[in-house]
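First the structure, in the form of structure tokens, and then the observations on it.
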Amino acid sequence: MRKVETVVLIKADADIVTARQHGRALAVEIGFSRSEQALIATAISEAARNILQYAHNGEIVLDHIKDGDKEGILIIARDEGPGIKDTQLAMVDGYSSSGGLGLGLPGIKRLVSEMDLKSTLGKGTTLTIKKWKMWNSHAQQND
Amino acid sequence: MMQVPILKQGNYLIATIQSALTDADLIQLRDELAARVGQYRTRGVVIDVTVLDVIDSFSVRTLRAMVQMLKLRGAEAVIVGIQPEVAFAMVQLGVTLENEATALDLEEGLVYLDQKTKVKDRHAQG
């Protein structure tokens with residue numbers, strides 16, 4: 001299928017649209033249902049927005065992944081921004097260090113299967129997201 | 001810049017989003033609608049988001065601000081055309097449009113505005 005990952009540089013608000021369009025295209029290719037495509041595109045949008053808001057620039061990496069009989073999409077949002085002081089607190093619902101802009105990471109978490117946050121103060125942040133395709137999903141045939 | 005066409009129909013304005021919008025495009029639409037309702041003395045506005053495949057936290061905040069600004073300018077506004085999978089993603093993400101009017105499509109949106117502005121007219125006369 002695909003051999004090369006897609007990298008979208010995030011530097012301006014238009015790049016958010018580009019990133020989620022690439023993500024949706026890949027999700028279609030992998031065979032996600034329409035509902036799942038919307039969840040993926042929304043997760044990418046929020047992740048790219050975080051980069052722009054906190055680090056001003058960074059990148060979104062998209063890839064097709066497989067693990068045993070699971071198949072899905074990998075989304076990495078990476079920046080070299082200020083980093084997050086308390087990554088556990090950042091995962092608490094309702095917490096936002098920027099004063100209420102954006103829904104933060106718990107919102108993204110609800111859209112995907114797995115999410116991992118790694119951050120070093122002064123070095124940057126890497127958010128790794130995985131969304132697995134529902135096995136033999138009926139939704140896919142109905143859409 | 002993606003211009004969103006704003007059509008004037010009687011006392012209403014209809015803004016139909018034609019493609020994915022950047023944050024700047026959405027803000028431009030918000031400001032333009034707020035200006036146009038004064039220019040045309042508009043009573044109601046339909047914001048048609050049928051083509052949007054993602055409504056994220058920023059879009060929701062901006063749509064909310066748009067509806068509230070229009071209300072402050074004396075016009076009722078209704079958001080129409082949120083697609084089922086977009087609605088699902090919004091619910092999962094945790095964003096809502098609870099205080100803003102929404103309707104299934106343009107037709108339902110116009111019915112909503114007719115009802116809303118009729119009530120207003122009656123009060124104005126009585």
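Chains: A, B, ... in order of the structure tokens. Residues: from 1 per chain. Ligands: from 1, in order shown.
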Practice problem: Using only C-alpha atoms, determine which residues lie at most 12 Å from Thr50 of chain B, disregarding the query and same-chain residues fewer than 6 positions distant; provide the list as JSON, numbers by chain. | Solution: {"B": [15, 16, 17, 18, 19, 20, 79, 80, 81, 82, 83, 84, 85, 86, 87, 102, 103, 104, 105, 106]}
Using only C-alpha atoms, I'd like every residue of chain B that has an atom within 12 Å of chain A; please write them out as a PDB file with N, CA and C atoms, in the first residue's frame.
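Full text of selection.pdb as output:
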ATOM      1  N   MET B   1      -7.485  33.381   0.462  1.00  0.00           N
ATOM      2  CA  MET B   1      -8.753  33.710   1.122  1.00  0.00           C
ATOM      3  C   MET B   1      -9.938  33.121   0.360  1.00  0.00           C
ATOM      4  N   MET B   2     -10.773  32.412   1.096  1.00  0.00           N
ATOM      5  CA  MET B   2     -11.932  31.783   0.500  1.00  0.00           C
ATOM      6  C   MET B   2     -13.148  32.640   0.813  1.00  0.00           C
ATOM      7  N   SER B  19     -16.485  25.606   0.772  1.00  0.00           N
ATOM      8  CA  SER B  19     -15.353  24.667   0.875  1.00  0.00           C
ATOM      9  C   SER B  19     -14.763  24.795   2.267  1.00  0.00           C
ATOM     10  N   ALA B  20     -13.764  23.950   2.556  1.00  0.00           N
ATOM     11  CA  ALA B  20     -13.108  24.015   3.866  1.00  0.00           C
ATOM     12  C   ALA B  20     -12.576  25.427   4.090  1.00  0.00           C
ATOM     13  N   LEU B  21     -12.778  25.939   5.296  1.00  0.00           N
ATOM     14  CA  LEU B  21     -12.347  27.301   5.589  1.00  0.00           C
ATOM     15  C   LEU B  21     -11.190  27.301   6.578  1.00  0.00           C
ATOM     16  N   THR B  22     -10.269  28.228   6.369  1.00  0.00           N
ATOM     17  CA  THR B  22      -9.215  28.431   7.367  1.00  0.00           C
ATOM     18  C   THR B  22      -9.808  29.279   8.491  1.00  0.00           C
ATOM     19  N   ASP B  23      -9.072  29.381   9.588  1.00  0.00           N
ATOM     20  CA  ASP B  23      -9.526  30.198  10.712  1.00  0.00           C
ATOM     21  C   ASP B  23      -9.780  31.634  10.261  1.00  0.00           C
ATOM     22  N   ALA B  24      -8.860  32.154   9.451  1.00  0.00           N
ATOM     23  CA  ALA B  24      -8.970  33.536   8.983  1.00  0.00           C
ATOM     24  C   ALA B  24     -10.227  33.722   8.132  1.00  0.00           C
ATOM     25  N   ASP B  25     -10.552  32.716   7.300  1.00  0.00           N
ATOM     26  CA  ASP B  25     -11.762  32.787   6.460  1.00  0.00           C
ATOM     27  C   ASP B  25     -13.010  32.869   7.326  1.00  0.00           C
ATOM     28  N   LEU B  26     -13.040  32.069   8.373  1.00  0.00           N
ATOM     29  CA  LEU B  26     -14.215  32.007   9.240  1.00  0.00           C
ATOM     30  C   LEU B  26     -14.393  33.327  10.005  1.00  0.00           C
ATOM     31  N   ILE B  27     -13.282  33.894  10.433  1.00  0.00           N
ATOM     32  CA  ILE B  27     -13.331  35.180  11.137  1.00  0.00           C
ATOM     33  C   ILE B  27     -13.803  36.278  10.179  1.00  0.00           C
ATOM     34  N   LEU B  52     -18.900  21.603   5.357  1.00  0.00           N
ATOM     35  CA  LEU B  52     -17.801  21.451   6.315  1.00  0.00           C
ATOM     36  C   LEU B  52     -17.683  19.999   6.783  1.00  0.00           C
ATOM     37  N   ASP B  53     -16.501  19.407   6.611  1.00  0.00           N
ATOM     38  CA  ASP B  53     -16.314  18.007   7.028  1.00  0.00           C
ATOM     39  C   ASP B  53     -15.694  17.930   8.421  1.00  0.00           C
ATOM     40  N   VAL B  54     -15.288  19.087   8.947  1.00  0.00           N
ATOM     41  CA  VAL B  54     -14.769  19.148  10.311  1.00  0.00           C
ATOM     42  C   VAL B  54     -15.271  20.429  10.956  1.00  0.00           C
ATOM     43  N   ILE B  55     -15.833  20.316  12.143  1.00  0.00           N
ATOM     44  CA  ILE B  55     -16.135  21.501  12.947  1.00  0.00           C
ATOM     45  C   ILE B  55     -15.414  21.288  14.274  1.00  0.00           C
ATOM     46  N   ASP B  56     -14.243  21.898  14.398  1.00  0.00           N
ATOM     47  CA  ASP B  56     -13.412  21.675  15.580  1.00  0.00           C
ATOM     48  C   ASP B  56     -13.651  22.763  16.626  1.00  0.00           C
ATOM     49  N   SER B  57     -12.831  22.781  17.680  1.00  0.00           N
ATOM     50  CA  SER B  57     -13.081  23.710  18.786  1.00  0.00           C
ATOM     51  C   SER B  57     -13.036  25.169  18.326  1.00  0.00           C
ATOM     52  N   PHE B  58     -12.133  25.493  17.424  1.00  0.00           N
ATOM     53  CA  PHE B  58     -12.057  26.870  16.945  1.00  0.00           C
ATOM     54  C   PHE B  58     -13.298  27.238  16.122  1.00  0.00           C
ATOM     55  N   SER B  59     -13.710  26.325  15.249  1.00  0.00           N
ATOM     56  CA  SER B  59     -14.895  26.591  14.417  1.00  0.00           C
ATOM     57  C   SER B  59     -16.113  26.830  15.295  1.00  0.00           C
ATOM     58  N   VAL B  60     -16.252  26.005  16.330  1.00  0.00           N
ATOM     59  CA  VAL B  60     -17.411  26.133  17.216  1.00  0.00           C
ATOM     60  C   VAL B  60     -17.374  27.478  17.939  1.00  0.00           C
ATOM     61  N   ARG B  61     -16.207  27.831  18.456  1.00  0.00           N
ATOM     62  CA  ARG B  61     -16.097  29.124  19.156  1.00  0.00           C
ATOM     63  C   ARG B  61     -16.442  30.271  18.227  1.00  0.00           C
ATOM     64  N   THR B  62     -15.981  30.202  16.983  1.00  0.00           N
ATOM     65  CA  THR B  62     -16.207  31.284  16.044  1.00  0.00           C
ATOM     66  C   THR B  62     -17.667  31.331  15.601  1.00  0.00           C
ATOM     67  N   GLN B  83     -23.463  17.916   9.217  1.00  0.00           N
ATOM     68  CA  GLN B  83     -23.576  16.539   8.746  1.00  0.00           C
ATOM     69  C   GLN B  83     -23.551  15.546   9.915  1.00  0.00           C
ATOM     70  N   PRO B  84     -24.191  14.381   9.758  1.00  0.00           N
ATOM     71  CA  PRO B  84     -24.265  13.432  10.877  1.00  0.00           C
ATOM     72  C   PRO B  84     -22.895  13.046  11.447  1.00  0.00           C
ATOM     73  N   GLU B  85     -21.920  12.777  10.570  1.00  0.00           N
ATOM     74  CA  GLU B  85     -20.613  12.347  11.086  1.00  0.00           C
ATOM     75  C   GLU B  85     -19.867  13.513  11.744  1.00  0.00           C
ATOM     76  N   VAL B  86     -20.152  14.733  11.276  1.00  0.00           N
ATOM     77  CA  VAL B  86     -19.551  15.921  11.899  1.00  0.00           C
ATOM     78  C   VAL B  86     -20.161  16.118  13.293  1.00  0.00           C
ATOM     79  N   ALA B  87     -21.485  15.921  13.377  1.00  0.00           N
ATOM     80  CA  ALA B  87     -22.173  16.025  14.672  1.00  0.00           C
ATOM     81  C   ALA B  87     -21.600  15.002  15.660  1.00  0.00           C
ATOM     82  N   PHE B  88     -21.362  13.788  15.164  1.00  0.00           N
ATOM     83  CA  PHE B  88     -20.798  12.714  15.997  1.00  0.00           C
ATOM     84  C   PHE B  88     -19.414  13.115  16.520  1.00  0.00           C
ATOM     85  N   ALA B  89     -18.571  13.630  15.625  1.00  0.00           N
ATOM     86  CA  ALA B  89     -17.214  14.046  16.024  1.00  0.00           C
ATOM     87  C   ALA B  89     -17.272  15.199  17.024  1.00  0.00           C
ATOM     88  N   MET B  90     -18.212  16.118  16.830  1.00  0.00           N
ATOM     89  CA  MET B  90     -18.362  17.255  17.762  1.00  0.00           C
ATOM     90  C   MET B  90     -18.733  16.761  19.158  1.00  0.00           C
ATOM     91  N   VAL B  91     -19.650  15.804  19.210  1.00  0.00           N
ATOM     92  CA  VAL B  91     -20.081  15.257  20.503  1.00  0.00           C
ATOM     93  C   VAL B  91     -18.914  14.545  21.184  1.00  0.00           C
ATOM     94  N   GLN B  92     -18.168  13.746  20.411  1.00  0.00           N
ATOM     95  CA  GLN B  92     -17.017  13.031  20.979  1.00  0.00           C
ATOM     96  C   GLN B  92     -15.963  14.008  21.493  1.00  0.00           C
ATOM     97  N   LEU B  93     -15.720  15.059  20.716  1.00  0.00           N
ATOM     98  CA  LEU B  93     -14.721  16.058  21.090  1.00  0.00           C
ATOM     99  C   LEU B  93     -15.181  16.837  22.325  1.00  0.00           C
ATOM    100  N   GLY B  94     -16.488  16.986  22.453  1.00  0.00           N
ATOM    101  CA  GLY B  94     -17.030  17.699  23.611  1.00  0.00           C
ATOM    102  C   GLY B  94     -17.380  19.144  23.333  1.00  0.00           C
ATOM    103  N   VAL B  95     -17.650  19.468  22.072  1.00  0.00           N
ATOM    104  CA  VAL B  95     -18.066  20.836  21.748  1.00  0.00           C
ATOM    105  C   VAL B  95     -19.568  20.859  21.444  1.00  0.00           C
ATOM    106  N   THR B  96     -20.215  21.932  21.848  1.00  0.00           N
ATOM    107  CA  THR B  96     -21.665  22.009  21.662  1.00  0.00           C
ATOM    108  C   THR B  96     -22.065  23.367  21.094  1.00  0.00           C
TER     109      THR B  96
END
Quiz prompt | alpha helix (DSSP H) per DSSP on the backbone: members of chain A, as a ChimeraX atom specification | solution = /A:13-30,34-50,87-90,104-109,138-142
Practice problem: From the DSSP assignment of the backbone, select every residue of segment 1-124 of chain B that is strand (DSSP E or B), and format the answer as number ranges by chain. | Solution: B: 6-9, 12-16, 44-48, 76-80, 101-103
Output file for the residues above (C-alpha atoms, as a tab-separated table (two decimals), in the first residue's frame):
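File written: again27.tsv
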chain	number	residue	atom	x	y	z
B	6	ILE	CA	-23.65	36.03	1.19
B	7	LEU	CA	-27.01	36.20	-0.59
B	8	LYS	CA	-29.75	38.62	0.35
B	9	GLN	CA	-33.21	37.09	0.25
B	12	TYR	CA	-32.69	37.49	5.38
B	13	LEU	CA	-29.08	36.87	4.54
B	14	ILE	CA	-27.91	33.42	3.53
B	15	ALA	CA	-24.21	32.60	3.88
B	16	THR	CA	-23.35	29.31	2.22
B	44	GLY	CA	-32.37	36.89	10.09
B	45	VAL	CA	-29.26	35.04	8.92
B	46	VAL	CA	-28.79	31.45	7.80
B	47	ILE	CA	-25.25	30.09	8.07
B	48	ASP	CA	-25.05	26.97	5.90
B	76	GLU	CA	-31.62	36.10	14.51
B	77	ALA	CA	-29.13	33.55	13.18
B	78	VAL	CA	-29.43	29.83	12.58
B	79	ILE	CA	-26.71	27.34	11.68
B	80	VAL	CA	-27.87	24.71	9.19
B	101	ALA	CA	-30.14	27.78	16.91
B	102	THR	CA	-29.47	24.91	14.53
B	103	ALA	CA	-31.66	23.38	11.84
Quiz prompt | One-decimal distance in Å that lies between atom CA of Leu26 of chain A and atom CA of Val49 of chain B | solution =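 Atom CA of Val49 of chain B sits 23.6 Å away from atom CA of Leu26 of chain A.
Near Gly10 of chain B, within 10 Å and counting only C-alpha atoms, sit Tyr40, Thr42, Arg43 and Gly44 of chain B; same-chain residues fewer than 6 positions away were not included.
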Just to be explicit: take each residue in the selection above, keep N, CA and C atoms, and write the result as a PDB file, in the first residue's frame.
ATOM      1  N   TYR B  40     -27.992  45.971   5.291  1.00  0.00           N
ATOM      2  CA  TYR B  40     -29.261  45.578   4.669  1.00  0.00           C
ATOM      3  C   TYR B  40     -30.433  45.571   5.640  1.00  0.00           C
ATOM      4  N   THR B  42     -31.018  43.537   8.087  1.00  0.00           N
ATOM      5  CA  THR B  42     -31.426  42.137   8.031  1.00  0.00           C
ATOM      6  C   THR B  42     -32.050  41.677   9.342  1.00  0.00           C
ATOM      7  N   ARG B  43     -33.121  40.878   9.242  1.00  0.00           N
ATOM      8  CA  ARG B  43     -33.775  40.354  10.443  1.00  0.00           C
ATOM      9  C   ARG B  43     -33.289  38.960  10.811  1.00  0.00           C
ATOM     10  N   GLY B  44     -32.793  38.256   9.814  1.00  0.00           N
ATOM     11  CA  GLY B  44     -32.367  36.887  10.091  1.00  0.00           C
ATOM     12  C   GLY B  44     -31.238  36.438   9.180  1.00  0.00           C
TER      13      GLY B  44
END
